[in-house]
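J.: Just passing along the structure, written as structure tokens.
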Amino acid sequence: MIPLVDLTAQYHSIKKEIDAAVLSTLESGHFILGPQVTKFEESVASYLGMDFAVGLASGTDALVIALRALNVGADDEVIMPAYTFFATAGTVMSVGAKPLFVDVDPQTYQIDVSKIRSAITPKTKAIIPVHLYGHPAEMNPILEIAREHGLKIIEDNAQGFGAEYLGRKTGSLGDIGCLSFFPTKNLGAFGDAGMVVTNDPALAERMRMLRTHGWKKKYYSEEVGYNSRIDALQAAILQAKLPYLDSWNEKRRELAQRYSEKLGPNLVTPIEREWGRHVYHLYIVRSAKREELQAFLKQKGIASEVYYPMPPHLSVPCRKFGYKEGDFPHAELASHETFALPLYPELTLSQQDEVIAAVHEFVG
Ligand SMILES: *Cc1c(COP(=O)(O)O)cnc(C)c1O
């Protein structure tokens with residue numbers, strides 16, 4: 001059986017360090033905020049070259065709190081790619097705003113920057129580029145459009161931790177960068193966890209307040225906030241894992257390149273633009289016979305998965321905006337033809353060869 005991702009393999013590769021981090025947190029008696037959380041926030045800020053990081057309960061909360069900190073709310077619109085995980089759109093709706101979708105580049109699956117300008121209206125407040133699958137969005141044109149129109153940029157970097165755009169880390173390029181440490185992400189916790197990063201001290205302070213009920217001073221709420229702090233236990237685990245992130249991402253890149261060379265013309269394999277460094281959170285391929293191929297792989301004990309079978313504009317919560325099938329053809333076609341093959345740093349070459357052989361056998 002070859003799984004899509006093997007979290008146990010990663011745990012066992014650094015078990016001593018993880019166990020020590022967990023035990024020392026249990027001994028410390030600090031479970032909510034405290035020194036472990038501060039240390040991990042400083043480590044991530046420094047990794048990304050940012051001034052401030054605020055640890056939160058999840059990547060979803062990171063998006064919500066970023067939107068709140070930028071005063072995005074009722075009657076506002078937020079531009080985002082038409083192909084992404086639902087949370088990007090769901091969080092915008094949860095603060096009362098409307099997602100304005102823009103179709104994606106069919107080769108990289110990132111927001112098509114040539115279509116952003118025509119989507120902007122007087123109600124547009126922000127753009128959320130998503131570094132989907134670990135490939136960076138094309139940030140310079142996005143930054144230029146945002147400057148021209150006075151829009152804020154929230155990077156959804158949940159899948160792109162360690163990725164680069166023109167040599168700069170994704171998540172460090174907009175007003176606020178959002179991270180997720182969901183267990184399967186490139187840096188994964190043993191539960192839910194997330195973070196926001198920024199260089200703006202006022203935004204950092206507001207996001208710190210929002211994660212604890214809008215408190216400036218304990219028990220004195222300045223506004224309605226949340227209970228959304230990263231667990232000290234997760235912060236300690238992530239601190240132990242962070243030094244491995246670059247080598248794990250490198251391993252993902254090597255395996256991805258090997259897949260692409262060997263799968264050759266049998267499948268449409270992912271590309272990396274010359275301005276980007278892809279960290280392959282997911283290795284996404286494309287086939288018009290997706291369902292048959294996935295069934296064939298399953299029979300051989302090889303996992304695969306569709307990310308995502310439904311573009312957010314066609315989801316039930318988006319119906320009220322009047323979006324319909326045909327609005328974003330590249331996103332819709334991707335939802336019918338793309339899927340992920342097993343890829344994680346601990347995948348062995350012989351396991352990968354099994355996947356490759358199965359694909360070749362299917363194609364014949
Ligand atoms: C995982 C993910 C999120 C949400 O992160 P959680 O930690 O699961 O809440 C948001 N956006 C994208 C693109 C994601 O992949």
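Quick note on naming: the chains in the structure tokens go A, B, ... in the order shown, residues restart at 1 in each chain, and ligands are numbered from 1 in order of appearance.
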Identify all residues of range 33-134 of chain A in strand (DSSP E or B) (DSSP on the backbone) and supply them as a ChimeraX atom specification.
T.: /A:52-56,77-81,98-102,104,111,124-127,130
J.: Please identify the residues whose atoms come within 6 Å of ligand 1, using only C-alpha atoms and all ligand atoms, and report them as a PyMOL selection string.
T.: chain A and resi 58-60+84-85+87-88+156+158-159+180-182+192-194
J.: Give me the residues near Val359 in chain A as an mmCIF file with N, CA, C and O atoms, in the first residue's frame, where near means some atom within 9 Å (using only C-alpha atoms) and where sequence neighbours in that chain fewer than 6 positions away do not count.
T.:
```
data_model
loop_
_atom_site.group_PDB
_atom_site.id
_atom_site.type_symbol
_atom_site.label_atom_id
_atom_site.label_comp_id
_atom_site.auth_asym_id
_atom_site.auth_seq_id
_atom_site.Cartn_x
_atom_site.Cartn_y
_atom_site.Cartn_z
ATOM 1 N N LEU A 263 7.408 9.842 -15.902
ATOM 2 C CA LEU A 263 6.018 9.736 -16.351
ATOM 3 C C LEU A 263 5.901 10.245 -17.781
ATOM 4 O O LEU A 263 4.986 9.881 -18.509
ATOM 5 N N ASN A 266 3.064 10.384 -20.737
ATOM 6 C CA ASN A 266 1.855 9.617 -20.410
ATOM 7 C C ASN A 266 0.797 10.420 -19.670
ATOM 8 O O ASN A 266 -0.378 10.084 -19.677
ATOM 9 N N LEU A 267 1.265 11.456 -18.993
ATOM 10 C CA LEU A 267 0.374 12.290 -18.193
ATOM 11 C C LEU A 267 0.846 13.729 -18.337
ATOM 12 O O LEU A 267 2.021 13.954 -18.606
ATOM 13 N N LEU A 293 -7.992 5.897 -14.319
ATOM 14 C CA LEU A 293 -6.614 5.780 -13.846
ATOM 15 C C LEU A 293 -6.568 5.681 -12.325
ATOM 16 O O LEU A 293 -5.843 4.848 -11.759
ATOM 17 N N PHE A 296 -7.636 2.263 -11.310
ATOM 18 C CA PHE A 296 -6.566 1.306 -11.609
ATOM 19 C C PHE A 296 -5.486 1.350 -10.528
ATOM 20 O O PHE A 296 -5.032 0.319 -10.031
ATOM 21 N N LEU A 297 -5.078 2.564 -10.147
ATOM 22 C CA LEU A 297 -4.051 2.725 -9.112
ATOM 23 C C LEU A 297 -4.534 2.149 -7.780
ATOM 24 O O LEU A 297 -3.788 1.471 -7.073
#
```
J.: Range 87-124 of chain A: which residues are helix (DSSP H, G or I) by DSSP, as an MDAnalysis selection string?
T.: chainID A and resid 87:94 113:115 117:119
J.: Taking only C-alpha atoms into account, which of A:Leu143, A:Pro243, A:Lys98, A:Leu33 comes nearest Arg319 in chain A?
T.: A:Lys98
J.: For a quick check of understanding, using only C-alpha atoms, which of A:Thr108, A:Asn199, A:Asn157, A:Thr91 has the smallest distance to Pro312 in chain A?
T.: A:Thr91
J.: Using only C-alpha atoms, which of A:Tyr47, A:Tyr244, A:Trp215, A:Tyr83 sits nearest Val102 in chain A?
T.: A:Tyr83
J.: Using only C-alpha atoms, find each residue in range 58-148 of chain A having at least one atom no more than 9 Å away from range 167-175 of chain A; report its shortest atom-to-atom pair and that distance in Å (one decimal), rows by chain then rising number, as a Markdown table.
T.:
```
| residue | atom | partner | partner_atom | distance |
| --- | --- | --- | --- | --- |
| A:His131 | CA | A:Thr170 | CA | 7.6 |
| A:Pro136 | CA | A:Thr170 | CA | 6.7 |
| A:Ala137 | CA | A:Thr170 | CA | 8.5 |
| A:Met139 | CA | A:Leu173 | CA | 7.6 |
| A:Leu143 | CA | A:Gly174 | CA | 7.5 |
```
J.: Would you mind exporting the chosen residues as an mmCIF file, in the first residue's frame, restricted to N, CA and C atoms?
T.:
```cif
data_model
loop_
_atom_site.group_PDB
_atom_site.id
_atom_site.type_symbol
_atom_site.label_atom_id
_atom_site.label_comp_id
_atom_site.auth_asym_id
_atom_site.auth_seq_id
_atom_site.Cartn_x
_atom_site.Cartn_y
_atom_site.Cartn_z
ATOM 1 N N HIS A 131 -0.740 30.293 -3.096
ATOM 2 C CA HIS A 131 0.399 29.598 -3.713
ATOM 3 C C HIS A 131 0.046 28.112 -3.775
ATOM 4 N N PRO A 136 4.553 29.143 -6.520
ATOM 5 C CA PRO A 136 4.177 30.517 -6.191
ATOM 6 C C PRO A 136 3.212 31.126 -7.207
ATOM 7 N N ALA A 137 2.342 31.994 -6.719
ATOM 8 C CA ALA A 137 1.558 32.846 -7.617
ATOM 9 C C ALA A 137 2.509 33.901 -8.188
ATOM 10 N N MET A 139 3.701 37.071 -8.283
ATOM 11 C CA MET A 139 3.451 38.156 -7.339
ATOM 12 C C MET A 139 3.696 39.569 -7.865
ATOM 13 N N LEU A 143 1.266 42.612 -7.040
ATOM 14 C CA LEU A 143 1.668 43.731 -6.175
ATOM 15 C C LEU A 143 1.450 45.064 -6.886
#
```
J.: Looking at A:Gly177, A:Glu337, A:Asp353, A:Gly225, which one is nearest to Glu261 in chain A, with distances taken over only C-alpha atoms?
T.: A:Asp353
